[in-house]
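J.: My structure is stored as protein26.pdb, with PDB, C-alpha atoms.
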```pdb
ATOM      1  CA  MET T  42     117.699 102.827 101.778  1.00  0.00           C
ATOM      2  CA  LEU T  43     115.316 105.685 100.952  1.00  0.00           C
ATOM      3  CA  LYS T  44     115.294 108.439 103.516  1.00  0.00           C
ATOM      4  CA  CYS T  45     112.831 111.162 104.430  1.00  0.00           C
ATOM      5  CA  ARG T  46     112.537 113.730 107.221  1.00  0.00           C
ATOM      6  CA  GLU T  47     108.888 113.574 108.290  1.00  0.00           C
ATOM      7  CA  TRP T  48     106.560 116.042 109.864  1.00  0.00           C
ATOM      8  CA  GLN T  49     106.526 115.342 113.592  1.00  0.00           C
ATOM      9  CA  ASN T  50     103.528 115.136 115.953  1.00  0.00           C
ATOM     10  CA  CYS T  51     100.975 115.964 113.258  1.00  0.00           C
ATOM     11  CA  THR T  52      97.223 115.887 113.762  1.00  0.00           C
ATOM     12  CA  LYS T  53      95.043 114.769 110.851  1.00  0.00           C
ATOM     13  CA  VAL T  54      91.919 116.852 110.261  1.00  0.00           C
ATOM     14  CA  SER T  55      89.613 116.308 107.260  1.00  0.00           C
ATOM     15  CA  GLY T  56      92.235 115.876 104.532  1.00  0.00           C
ATOM     16  CA  MET T  57      94.770 118.126 106.285  1.00  0.00           C
ATOM     17  CA  ARG T  58      97.658 117.619 108.668  1.00  0.00           C
ATOM     18  CA  ILE T  59      98.393 120.249 111.291  1.00  0.00           C
ATOM     19  CA  GLY T  60     101.891 120.186 112.749  1.00  0.00           C
ATOM     20  CA  LYS T  61     104.882 122.280 113.722  1.00  0.00           C
ATOM     21  CA  ARG T  62     105.359 123.507 110.145  1.00  0.00           C
ATOM     22  CA  GLY T  63     101.768 124.627 109.685  1.00  0.00           C
ATOM     23  CA  VAL T  64      98.877 123.176 107.675  1.00  0.00           C
ATOM     24  CA  PHE T  65      99.562 120.491 105.085  1.00  0.00           C
ATOM     25  CA  MET T  66      96.894 119.418 102.572  1.00  0.00           C
ATOM     26  CA  ASN T  67      96.761 115.707 101.846  1.00  0.00           C
ATOM     27  CA  LYS T  68      96.608 114.977  98.110  1.00  0.00           C
ATOM     28  CA  LYS T  69      95.136 112.010  96.318  1.00  0.00           C
ATOM     29  CA  VAL T  70      97.941 110.668  94.112  1.00  0.00           C
ATOM     30  CA  LEU T  71      97.439 108.170  91.299  1.00  0.00           C
ATOM     31  CA  VAL T  72     100.589 106.531  89.924  1.00  0.00           C
ATOM     32  CA  ILE T  73     100.178 104.650  86.631  1.00  0.00           C
ATOM     33  CA  SER T  74     102.969 102.226  85.743  1.00  0.00           C
ATOM     34  CA  SER T  75     102.818 101.309  82.058  1.00  0.00           C
ATOM     35  CA  SER T  76     105.551  98.706  81.666  1.00  0.00           C
ATOM     36  CA  LEU T  77     104.236  95.224  80.933  1.00  0.00           C
ATOM     37  CA  ARG T  78     107.408  93.629  82.313  1.00  0.00           C
ATOM     38  CA  LYS T  79     107.448  92.360  85.869  1.00  0.00           C
ATOM     39  CA  ASN T  80     110.022  94.102  88.049  1.00  0.00           C
ATOM     40  CA  ALA T  81     110.498  96.720  85.330  1.00  0.00           C
ATOM     41  CA  ASN T  82     112.880  99.612  85.911  1.00  0.00           C
ATOM     42  CA  SER T  83     110.238 102.269  85.254  1.00  0.00           C
ATOM     43  CA  GLU T  84     107.930 100.413  87.641  1.00  0.00           C
ATOM     44  CA  GLN T  85     110.529 100.744  90.385  1.00  0.00           C
ATOM     45  CA  LEU T  86     110.790 104.467  89.671  1.00  0.00           C
ATOM     46  CA  ALA T  87     107.021 104.622  90.122  1.00  0.00           C
ATOM     47  CA  ALA T  88     107.221 102.670  93.381  1.00  0.00           C
ATOM     48  CA  SER T  89     109.888 104.991  94.803  1.00  0.00           C
ATOM     49  CA  PHE T  90     107.861 108.076  93.861  1.00  0.00           C
ATOM     50  CA  ALA T  91     104.820 106.508  95.530  1.00  0.00           C
ATOM     51  CA  ASP T  92     106.812 105.705  98.677  1.00  0.00           C
ATOM     52  CA  GLY T  93     107.943 109.326  98.903  1.00  0.00           C
ATOM     53  CA  ALA T  94     104.415 110.647  98.498  1.00  0.00           C
ATOM     54  CA  ARG T  95     103.151 108.237 101.165  1.00  0.00           C
ATOM     55  CA  ALA T  96     105.965 109.291 103.510  1.00  0.00           C
ATOM     56  CA  ALA T  97     104.760 112.881 103.117  1.00  0.00           C
ATOM     57  CA  GLY T  98     101.269 111.834 104.189  1.00  0.00           C
ATOM     58  CA  HIS T  99      99.477 111.720 100.843  1.00  0.00           C
ATOM     59  CA  ASP T 100      96.878 109.139  99.817  1.00  0.00           C
ATOM     60  CA  VAL T 101      98.614 107.111  97.094  1.00  0.00           C
ATOM     61  CA  GLU T 102      97.392 104.405  94.734  1.00  0.00           C
ATOM     62  CA  VAL T 103      99.634 102.629  92.225  1.00  0.00           C
ATOM     63  CA  VAL T 104      97.994 101.064  89.171  1.00  0.00           C
ATOM     64  CA  SER T 105      99.924  98.804  86.805  1.00  0.00           C
ATOM     65  CA  LEU T 106      98.714  98.419  83.225  1.00  0.00           C
ATOM     66  CA  ARG T 107     100.142  94.900  83.195  1.00  0.00           C
ATOM     67  CA  ASP T 108      97.381  92.328  82.620  1.00  0.00           C
ATOM     68  CA  LYS T 109      94.798  95.056  82.083  1.00  0.00           C
ATOM     69  CA  GLU T 110      92.294  94.930  79.227  1.00  0.00           C
ATOM     70  CA  ILE T 111      92.584  98.293  77.489  1.00  0.00           C
ATOM     71  CA  ARG T 112      91.134  98.476  74.020  1.00  0.00           C
ATOM     72  CA  PHE T 113      92.049 101.134  71.478  1.00  0.00           C
ATOM     73  CA  CYS T 114      90.094 104.381  71.257  1.00  0.00           C
ATOM     74  CA  ILE T 115      88.087 104.357  68.010  1.00  0.00           C
ATOM     75  CA  GLY T 116      87.653 108.134  67.844  1.00  0.00           C
ATOM     76  CA  CYS T 117      83.849 108.127  67.999  1.00  0.00           C
ATOM     77  CA  PHE T 118      83.819 111.121  70.416  1.00  0.00           C
ATOM     78  CA  ALA T 119      80.661 109.869  72.111  1.00  0.00           C
ATOM     79  CA  CYS T 120      82.520 110.357  75.393  1.00  0.00           C
ATOM     80  CA  GLN T 121      82.509 114.116  74.880  1.00  0.00           C
ATOM     81  CA  LYS T 122      78.761 114.035  75.551  1.00  0.00           C
ATOM     82  CA  THR T 123      78.501 111.116  77.985  1.00  0.00           C
ATOM     83  CA  LYS T 124      81.800 111.774  79.830  1.00  0.00           C
ATOM     84  CA  ARG T 125      82.635 108.075  79.744  1.00  0.00           C
ATOM     85  CA  CYS T 126      83.632 105.522  77.143  1.00  0.00           C
ATOM     86  CA  PHE T 127      81.134 103.051  75.736  1.00  0.00           C
ATOM     87  CA  MET T 128      83.810 100.340  76.118  1.00  0.00           C
ATOM     88  CA  HIS T 129      83.621  99.147  79.708  1.00  0.00           C
ATOM     89  CA  ASP T 130      87.049  97.614  80.203  1.00  0.00           C
ATOM     90  CA  ASP T 131      89.911  98.384  82.609  1.00  0.00           C
ATOM     91  CA  ALA T 132      90.593 101.725  80.917  1.00  0.00           C
ATOM     92  CA  ASP T 133      87.153 102.908  82.002  1.00  0.00           C
ATOM     93  CA  VAL T 134      87.958 102.020  85.623  1.00  0.00           C
ATOM     94  CA  ILE T 135      91.384 103.701  85.508  1.00  0.00           C
ATOM     95  CA  ARG T 136      89.946 106.818  83.859  1.00  0.00           C
ATOM     96  CA  GLU T 137      87.521 107.145  86.785  1.00  0.00           C
ATOM     97  CA  LYS T 138      90.461 107.018  89.192  1.00  0.00           C
ATOM     98  CA  MET T 139      92.240 109.703  87.134  1.00  0.00           C
ATOM     99  CA  LEU T 140      89.164 111.919  87.339  1.00  0.00           C
ATOM    100  CA  HIS T 141      89.280 112.049  91.136  1.00  0.00           C
ATOM    101  CA  ALA T 142      93.050 112.306  91.660  1.00  0.00           C
ATOM    102  CA  ASP T 143      94.804 115.553  92.625  1.00  0.00           C
ATOM    103  CA  VAL T 144      98.114 114.356  91.186  1.00  0.00           C
ATOM    104  CA  LEU T 145      98.763 112.015  88.246  1.00  0.00           C
ATOM    105  CA  VAL T 146     102.081 110.218  87.765  1.00  0.00           C
ATOM    106  CA  PHE T 147     102.882 108.348  84.555  1.00  0.00           C
ATOM    107  CA  ALA T 148     105.810 105.919  84.512  1.00  0.00           C
ATOM    108  CA  THR T 149     106.952 104.471  81.209  1.00  0.00           C
ATOM    109  CA  PRO T 150     109.791 102.545  79.633  1.00  0.00           C
ATOM    110  CA  ILE T 151     111.240 104.209  76.544  1.00  0.00           C
ATOM    111  CA  TYR T 152     110.458 102.226  73.390  1.00  0.00           C
ATOM    112  CA  TYR T 153     111.867 103.599  70.123  1.00  0.00           C
ATOM    113  CA  TYR T 154     112.400 106.958  71.869  1.00  0.00           C
ATOM    114  CA  GLU T 155     108.729 107.183  72.813  1.00  0.00           C
ATOM    115  CA  MET T 156     106.379 106.283  75.644  1.00  0.00           C
ATOM    116  CA  SER T 157     105.110 102.711  75.813  1.00  0.00           C
ATOM    117  CA  GLY T 158     102.170 101.736  73.634  1.00  0.00           C
ATOM    118  CA  ALA T 159     100.255 100.783  76.767  1.00  0.00           C
ATOM    119  CA  LEU T 160     100.526 104.286  78.197  1.00  0.00           C
ATOM    120  CA  LYS T 161      99.636 105.963  74.896  1.00  0.00           C
ATOM    121  CA  THR T 162      96.558 103.763  74.574  1.00  0.00           C
ATOM    122  CA  MET T 163      95.531 104.587  78.152  1.00  0.00           C
ATOM    123  CA  LEU T 164      95.927 108.319  77.548  1.00  0.00           C
ATOM    124  CA  ASP T 165      93.819 108.064  74.395  1.00  0.00           C
ATOM    125  CA  ARG T 166      91.128 106.223  76.333  1.00  0.00           C
ATOM    126  CA  ALA T 167      91.186 108.957  78.987  1.00  0.00           C
ATOM    127  CA  ASN T 168      89.497 111.271  76.463  1.00  0.00           C
ATOM    128  CA  PRO T 169      86.257 111.372  78.530  1.00  0.00           C
ATOM    129  CA  LEU T 170      88.167 113.465  81.067  1.00  0.00           C
ATOM    130  CA  TYR T 171      88.335 116.400  78.651  1.00  0.00           C
ATOM    131  CA  PRO T 172      84.728 117.633  79.157  1.00  0.00           C
ATOM    132  CA  SER T 173      84.653 116.462  82.789  1.00  0.00           C
ATOM    133  CA  ASP T 174      85.249 118.341  86.017  1.00  0.00           C
ATOM    134  CA  TYR T 175      88.606 116.657  86.527  1.00  0.00           C
ATOM    135  CA  ARG T 176      90.426 117.185  89.792  1.00  0.00           C
ATOM    136  CA  PHE T 177      94.088 116.772  88.866  1.00  0.00           C
ATOM    137  CA  ARG T 178      96.308 119.853  88.695  1.00  0.00           C
ATOM    138  CA  GLU T 179      99.797 118.345  88.702  1.00  0.00           C
ATOM    139  CA  VAL T 180     101.174 115.650  86.411  1.00  0.00           C
ATOM    140  CA  TYR T 181     104.577 113.969  86.700  1.00  0.00           C
ATOM    141  CA  ALA T 182     106.369 111.786  84.148  1.00  0.00           C
ATOM    142  CA  LEU T 183     108.956 109.111  84.957  1.00  0.00           C
ATOM    143  CA  ALA T 184     110.911 107.108  82.380  1.00  0.00           C
ATOM    144  CA  ALA T 185     113.631 104.483  82.139  1.00  0.00           C
ATOM    145  CA  ALA T 186     115.658 103.316  79.146  1.00  0.00           C
ATOM    146  CA  ALA T 187     118.681 101.309  78.066  1.00  0.00           C
ATOM    147  CA  GLU T 188     120.337 104.348  76.478  1.00  0.00           C
ATOM    148  CA  ASN T 189     121.631 107.095  78.696  1.00  0.00           C
ATOM    149  CA  GLU T 190     121.803 110.196  76.490  1.00  0.00           C
ATOM    150  CA  GLU T 191     119.906 113.314  77.533  1.00  0.00           C
ATOM    151  CA  HIS T 192     117.713 113.300  74.417  1.00  0.00           C
ATOM    152  CA  VAL T 193     116.419 109.748  74.926  1.00  0.00           C
ATOM    153  CA  PRO T 194     113.201 110.562  76.901  1.00  0.00           C
ATOM    154  CA  GLN T 195     112.406 113.850  75.169  1.00  0.00           C
ATOM    155  CA  ARG T 196     109.772 112.533  72.749  1.00  0.00           C
ATOM    156  CA  ALA T 197     108.045 110.536  75.479  1.00  0.00           C
ATOM    157  CA  PHE T 198     107.964 113.515  77.832  1.00  0.00           C
ATOM    158  CA  SER T 199     106.806 115.742  74.977  1.00  0.00           C
ATOM    159  CA  GLY T 200     103.946 113.343  74.231  1.00  0.00           C
ATOM    160  CA  ILE T 201     102.862 113.348  77.870  1.00  0.00           C
ATOM    161  CA  GLU T 202     103.177 117.138  77.988  1.00  0.00           C
ATOM    162  CA  GLY T 203     100.987 117.365  74.892  1.00  0.00           C
ATOM    163  CA  TRP T 204      98.315 115.341  76.659  1.00  0.00           C
ATOM    164  CA  VAL T 205      98.575 117.562  79.749  1.00  0.00           C
ATOM    165  CA  GLU T 206      98.267 120.745  77.677  1.00  0.00           C
ATOM    166  CA  CYS T 207      94.784 119.647  76.630  1.00  0.00           C
ATOM    167  CA  PHE T 208      93.688 120.158  80.239  1.00  0.00           C
ATOM    168  CA  GLU T 209      93.765 123.871  81.030  1.00  0.00           C
ATOM    169  CA  LYS T 210      93.748 123.468  84.808  1.00  0.00           C
ATOM    170  CA  ALA T 211      96.684 121.018  84.835  1.00  0.00           C
ATOM    171  CA  LYS T 212     100.433 121.338  84.300  1.00  0.00           C
ATOM    172  CA  LEU T 213     103.397 119.031  83.816  1.00  0.00           C
ATOM    173  CA  ALA T 214     104.993 119.587  87.213  1.00  0.00           C
ATOM    174  CA  GLY T 215     108.104 117.447  86.837  1.00  0.00           C
ATOM    175  CA  THR T 216     109.962 114.745  84.919  1.00  0.00           C
ATOM    176  CA  LEU T 217     112.610 112.210  85.911  1.00  0.00           C
ATOM    177  CA  PHE T 218     114.652 109.938  83.655  1.00  0.00           C
ATOM    178  CA  CYS T 219     116.956 107.022  84.370  1.00  0.00           C
ATOM    179  CA  GLY T 220     119.073 105.782  81.488  1.00  0.00           C
ATOM    180  CA  GLY T 221     121.552 102.923  81.268  1.00  0.00           C
ATOM    181  CA  VAL T 222     119.170 100.292  82.650  1.00  0.00           C
ATOM    182  CA  THR T 223     118.153  97.392  80.414  1.00  0.00           C
ATOM    183  CA  ASP T 224     117.591  94.188  82.372  1.00  0.00           C
ATOM    184  CA  MET T 225     114.638  93.811  84.716  1.00  0.00           C
ATOM    185  CA  GLY T 226     115.478  95.219  88.132  1.00  0.00           C
ATOM    186  CA  GLU T 227     118.791  96.695  86.980  1.00  0.00           C
ATOM    187  CA  ILE T 228     117.803 100.036  88.503  1.00  0.00           C
ATOM    188  CA  LYS T 229     117.708  98.542  92.008  1.00  0.00           C
ATOM    189  CA  GLU T 230     120.841 100.194  93.459  1.00  0.00           C
ATOM    190  CA  ASN T 231     120.668 103.313  91.304  1.00  0.00           C
ATOM    191  CA  PRO T 232     120.637 106.631  93.251  1.00  0.00           C
ATOM    192  CA  ILE T 233     117.886 107.843  90.905  1.00  0.00           C
ATOM    193  CA  LEU T 234     115.438 105.918  93.109  1.00  0.00           C
ATOM    194  CA  GLN T 235     116.192 108.331  95.945  1.00  0.00           C
ATOM    195  CA  GLU T 236     115.517 111.203  93.535  1.00  0.00           C
ATOM    196  CA  ALA T 237     112.161 109.633  92.657  1.00  0.00           C
ATOM    197  CA  PHE T 238     111.391 109.254  96.371  1.00  0.00           C
ATOM    198  CA  ASP T 239     112.290 112.884  97.029  1.00  0.00           C
ATOM    199  CA  MET T 240     110.176 114.046  94.079  1.00  0.00           C
ATOM    200  CA  GLY T 241     107.192 112.175  95.492  1.00  0.00           C
ATOM    201  CA  ARG T 242     107.801 113.565  98.974  1.00  0.00           C
ATOM    202  CA  LYS T 243     107.839 117.155  97.713  1.00  0.00           C
ATOM    203  CA  ILE T 244     104.560 117.205  95.800  1.00  0.00           C
TER     204      ILE T 244
END
```
Would you put the structure from the file into structure tokens?
T.:
Amino acid sequence: MLKCREWQNCTKVSGMRIGKRGVFMNKKVLVISSSLRKNANSEQLAASFADGARAAGHDVEVVSLRDKEIRFCIGCFACQKTKRCFMHDDADVIREKMLHADVLVFATPIYYYEMSGALKTMLDRANPLYPSDYRFREVYALAAAAENEEHVPQRAFSGIEGWVECFEKAKLAGTLFCGGVTDMGEIKENPILQEAFDMGRKI
């Protein structure tokens, strides 16, 4: 059971909540789950993070890359002038959501000590954001893997951090890793889900 101590008796005013603790700004949070497996462990990390952010009063949307049509970036750089990709598939829709989010959250399984191919392809296709007036300032990375050693997610998190560093107004605000989970749904009773919830609640 995920637990959270909520703000009490809050009044919502134009994107803010006013309560006993003062003024709280609602954030638009976009969580992108990149595992193509149903009931994936990284997907459940993403769901717990999203639940925490919702419990804190934020506007949260979770997007799964499963069943999405996302073609490879061809490196034409036309998007640097037009601020959108000439390929109008699901990546174009997701990139638009990324543009208007205050917080981005990327959840990935670890494949060969790296992020999933689906997430890497999506990040490449988000290239039109670079010349745009993007809104996001905080980025979080969540990962799950069969192996449990500390080094396992480092390359994946480094790759995500490299993407974030291309956006001067944004920062990698936090990472969370759960190792030792292989089968679908194996993470279900893992206390790391509470950590993901708490991370989402504190953004």
J.: Can you turn the PyMOL selection byres ((chain T and resi 240) around 10) into a concrete residue list for this file, as a ChimeraX atom specification?
T.: /T:89-91,93-94,181,215-217,234-239,241-244
J.: Within 10 Å of Gly116 (chain T), counting all atoms listed in the file, which residues qualify if same-chain residues fewer than 5 places away don't, as number ranges by chain?
T.: T: 165-166, 168
J.: Using all atoms listed in the file, which residue out of T:Gly203, T:Pro194, T:Pro232, T:Gly98 lies closest to Met156 (chain T)?
T.: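 Among the listed residues, the smallest separation from Met156 (chain T) belongs to T:Pro194.
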J.: Name the residues, using the chain letters and numbers of the file, that sit within 6 Å of (111.2, 105.5, 86.6) when counting all atoms listed in the file, and give them as a list in words.
T.: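 These residues have at least one counted atom within 6 Å: Ser83, Leu86, Ala87, Ala148, Leu183, Ala184 and Ala185 of chain T.
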J.: Given only C-alpha atoms as the basis, pick out the residue of T:Ile151, T:Val103, T:Cys207, T:Ala167 nearest to Asn189 (chain T).
T.: T:Ile151
J.: Residue by residue, what does the PyMOL selection byres ((chain T and resi 131) around 8) grab here? Present the result as an MDAnalysis selection string.
T.: chainID T and resid 109:111 129:130 132:135
J.: As a check of understanding, name the residues that the PyMOL selection byres ((chain T and resi 221-230) around 6) selects in the supplied structure, as a PDB file with C-alpha atoms, in the coordinates of the input.
T.:
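Listing of selection15.pdb after writing:
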```pdb
ATOM      1  CA  ASN T  80     110.022  94.102  88.049  1.00  0.00           C
ATOM      2  CA  ALA T  81     110.498  96.720  85.330  1.00  0.00           C
ATOM      3  CA  ASN T  82     112.880  99.612  85.911  1.00  0.00           C
ATOM      4  CA  ALA T 186     115.658 103.316  79.146  1.00  0.00           C
ATOM      5  CA  ALA T 187     118.681 101.309  78.066  1.00  0.00           C
ATOM      6  CA  GLU T 188     120.337 104.348  76.478  1.00  0.00           C
ATOM      7  CA  ASN T 189     121.631 107.095  78.696  1.00  0.00           C
ATOM      8  CA  GLY T 220     119.073 105.782  81.488  1.00  0.00           C
ATOM      9  CA  ASN T 231     120.668 103.313  91.304  1.00  0.00           C
TER      10      ASN T 231
END
```
J.: Report, in Å with one decimal, the straight-line distance from CA of Lys68 (chain T) to CA of Arg136 (chain T).
T.: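 A separation of 17.7 Å between them.
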J.: Can you work out the spacing between CA of Lys124 (chain T) and CA of Ser173 (chain T) in Å, to one decimal?
T.: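 Computing it gives 6.2 Å between the two atoms.
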J.: Env of Tyr171 (chain T): 10 Å cut, atoms = only C-alpha atoms, seq-sep filter 6 positions within chain, self excluded. Answer as a PyMOL selection string.
T.: chain T and resi 120-121+124+140+207-209
J.: At what distance in Å, to one decimal, does CA of His192 (chain T) lie from CA of Tyr154 (chain T)?
T.: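 Distance between the two atoms: 8.7 Å.
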J.: Nearest to Ile233 (chain T): which of T:Tyr175, T:Gln85, T:Phe147, T:Arg78 is it, counting only C-alpha atoms?
T.: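 Closest candidate: T:Gln85.
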J.: Which one is closest to Ala97 (chain T): T:Ala119, T:Cys126, T:Met66, T:Met163? Count all atoms listed in the file.
T.: T:Met66
J.: Taking the structure I provided as the source, export region 139-216 of chain T with C-alpha atoms, as a PDB file, in the first residue's frame.
T.:
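Everything below was put into decode.pdb:
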```
ATOM      1  CA  MET T 139       7.001  16.911 -23.976  1.00  0.00           C
ATOM      2  CA  LEU T 140       7.142  20.512 -25.173  1.00  0.00           C
ATOM      3  CA  HIS T 141       4.374  21.603 -22.807  1.00  0.00           C
ATOM      4  CA  ALA T 142       5.311  19.556 -19.727  1.00  0.00           C
ATOM      5  CA  ASP T 143       6.986  21.068 -16.651  1.00  0.00           C
ATOM      6  CA  VAL T 144       8.437  17.708 -15.618  1.00  0.00           C
ATOM      7  CA  LEU T 145       9.534  14.778 -17.799  1.00  0.00           C
ATOM      8  CA  VAL T 146       9.919  11.250 -16.431  1.00  0.00           C
ATOM      9  CA  PHE T 147      11.537   8.488 -18.480  1.00  0.00           C
ATOM     10  CA  ALA T 148      11.107   4.873 -17.376  1.00  0.00           C
ATOM     11  CA  THR T 149      13.143   2.175 -19.074  1.00  0.00           C
ATOM     12  CA  PRO T 150      14.134  -1.452 -18.738  1.00  0.00           C
ATOM     13  CA  ILE T 151      17.882  -2.035 -18.880  1.00  0.00           C
ATOM     14  CA  TYR T 152      18.895  -3.863 -22.063  1.00  0.00           C
ATOM     15  CA  TYR T 153      22.600  -4.681 -22.450  1.00  0.00           C
ATOM     16  CA  TYR T 154      23.361  -2.098 -19.736  1.00  0.00           C
ATOM     17  CA  GLU T 155      21.617   0.648 -21.695  1.00  0.00           C
ATOM     18  CA  MET T 156      18.216   2.279 -22.046  1.00  0.00           C
ATOM     19  CA  SER T 157      15.649   0.545 -24.238  1.00  0.00           C
ATOM     20  CA  GLY T 158      15.818   1.082 -27.983  1.00  0.00           C
ATOM     21  CA  ALA T 159      12.295   2.485 -27.869  1.00  0.00           C
ATOM     22  CA  LEU T 160      13.296   5.249 -25.471  1.00  0.00           C
ATOM     23  CA  LYS T 161      16.475   6.093 -27.390  1.00  0.00           C
ATOM     24  CA  THR T 162      14.493   6.354 -30.618  1.00  0.00           C
ATOM     25  CA  MET T 163      11.927   8.606 -28.921  1.00  0.00           C
ATOM     26  CA  LEU T 164      14.640  10.883 -27.541  1.00  0.00           C
ATOM     27  CA  ASP T 165      16.221  11.141 -30.989  1.00  0.00           C
ATOM     28  CA  ARG T 166      12.851  12.055 -32.474  1.00  0.00           C
ATOM     29  CA  ALA T 167      12.419  14.742 -29.806  1.00  0.00           C
ATOM     30  CA  ASN T 168      15.121  16.768 -31.586  1.00  0.00           C
ATOM     31  CA  PRO T 169      12.590  19.470 -32.627  1.00  0.00           C
ATOM     32  CA  LEU T 170      12.464  20.491 -28.966  1.00  0.00           C
ATOM     33  CA  TYR T 171      16.025  21.825 -29.124  1.00  0.00           C
ATOM     34  CA  PRO T 172      15.207  25.136 -30.903  1.00  0.00           C
ATOM     35  CA  SER T 173      11.762  25.360 -29.276  1.00  0.00           C
ATOM     36  CA  ASP T 174      10.575  27.252 -26.223  1.00  0.00           C
ATOM     37  CA  TYR T 175      10.286  24.060 -24.200  1.00  0.00           C
ATOM     38  CA  ARG T 176       8.685  24.212 -20.784  1.00  0.00           C
ATOM     39  CA  PHE T 177      10.306  21.342 -18.894  1.00  0.00           C
ATOM     40  CA  ARG T 178      12.894  22.119 -16.220  1.00  0.00           C
ATOM     41  CA  GLU T 179      13.128  18.829 -14.331  1.00  0.00           C
ATOM     42  CA  VAL T 180      13.760  15.367 -15.753  1.00  0.00           C
ATOM     43  CA  TYR T 181      13.655  12.085 -13.826  1.00  0.00           C
ATOM     44  CA  ALA T 182      14.908   8.657 -14.908  1.00  0.00           C
ATOM     45  CA  LEU T 183      13.583   5.320 -13.641  1.00  0.00           C
ATOM     46  CA  ALA T 184      15.010   1.913 -14.551  1.00  0.00           C
ATOM     47  CA  ALA T 185      14.551  -1.769 -13.788  1.00  0.00           C
ATOM     48  CA  ALA T 186      16.793  -4.735 -14.567  1.00  0.00           C
ATOM     49  CA  ALA T 187      17.418  -8.397 -13.841  1.00  0.00           C
ATOM     50  CA  GLU T 188      20.880  -7.694 -12.418  1.00  0.00           C
ATOM     51  CA  ASN T 189      21.174  -5.900  -9.126  1.00  0.00           C
ATOM     52  CA  GLU T 190      24.671  -4.389  -9.093  1.00  0.00           C
ATOM     53  CA  GLU T 191      25.063  -0.645  -8.609  1.00  0.00           C
ATOM     54  CA  HIS T 192      26.726  -0.150 -12.002  1.00  0.00           C
ATOM     55  CA  VAL T 193      23.904  -1.757 -14.003  1.00  0.00           C
ATOM     56  CA  PRO T 194      21.857   1.420 -14.805  1.00  0.00           C
ATOM     57  CA  GLN T 195      24.796   3.809 -15.106  1.00  0.00           C
ATOM     58  CA  ARG T 196      25.049   3.838 -18.909  1.00  0.00           C
ATOM     59  CA  ALA T 197      21.295   4.254 -19.306  1.00  0.00           C
ATOM     60  CA  PHE T 198      21.186   7.122 -16.819  1.00  0.00           C
ATOM     61  CA  SER T 199      24.257   8.657 -18.450  1.00  0.00           C
ATOM     62  CA  GLY T 200      22.551   8.518 -21.851  1.00  0.00           C
ATOM     63  CA  ILE T 201      19.453  10.232 -20.477  1.00  0.00           C
ATOM     64  CA  GLU T 202      21.627  12.805 -18.707  1.00  0.00           C
ATOM     65  CA  GLY T 203      23.413  13.479 -21.992  1.00  0.00           C
ATOM     66  CA  TRP T 204      20.076  14.200 -23.635  1.00  0.00           C
ATOM     67  CA  VAL T 205      19.083  16.512 -20.769  1.00  0.00           C
ATOM     68  CA  GLU T 206      22.374  18.422 -20.965  1.00  0.00           C
ATOM     69  CA  CYS T 207      21.443  19.532 -24.477  1.00  0.00           C
ATOM     70  CA  PHE T 208      18.653  21.610 -22.932  1.00  0.00           C
ATOM     71  CA  GLU T 209      20.197  24.468 -20.965  1.00  0.00           C
ATOM     72  CA  LYS T 210      17.098  25.252 -18.913  1.00  0.00           C
ATOM     73  CA  ALA T 211      16.604  21.636 -17.770  1.00  0.00           C
ATOM     74  CA  LYS T 212      18.375  19.350 -15.304  1.00  0.00           C
ATOM     75  CA  LEU T 213      18.359  15.677 -14.387  1.00  0.00           C
ATOM     76  CA  ALA T 214      16.604  16.027 -11.041  1.00  0.00           C
ATOM     77  CA  GLY T 215      16.648  12.411  -9.891  1.00  0.00           C
ATOM     78  CA  THR T 216      17.145   8.746 -10.755  1.00  0.00           C
TER      79      THR T 216
END
```
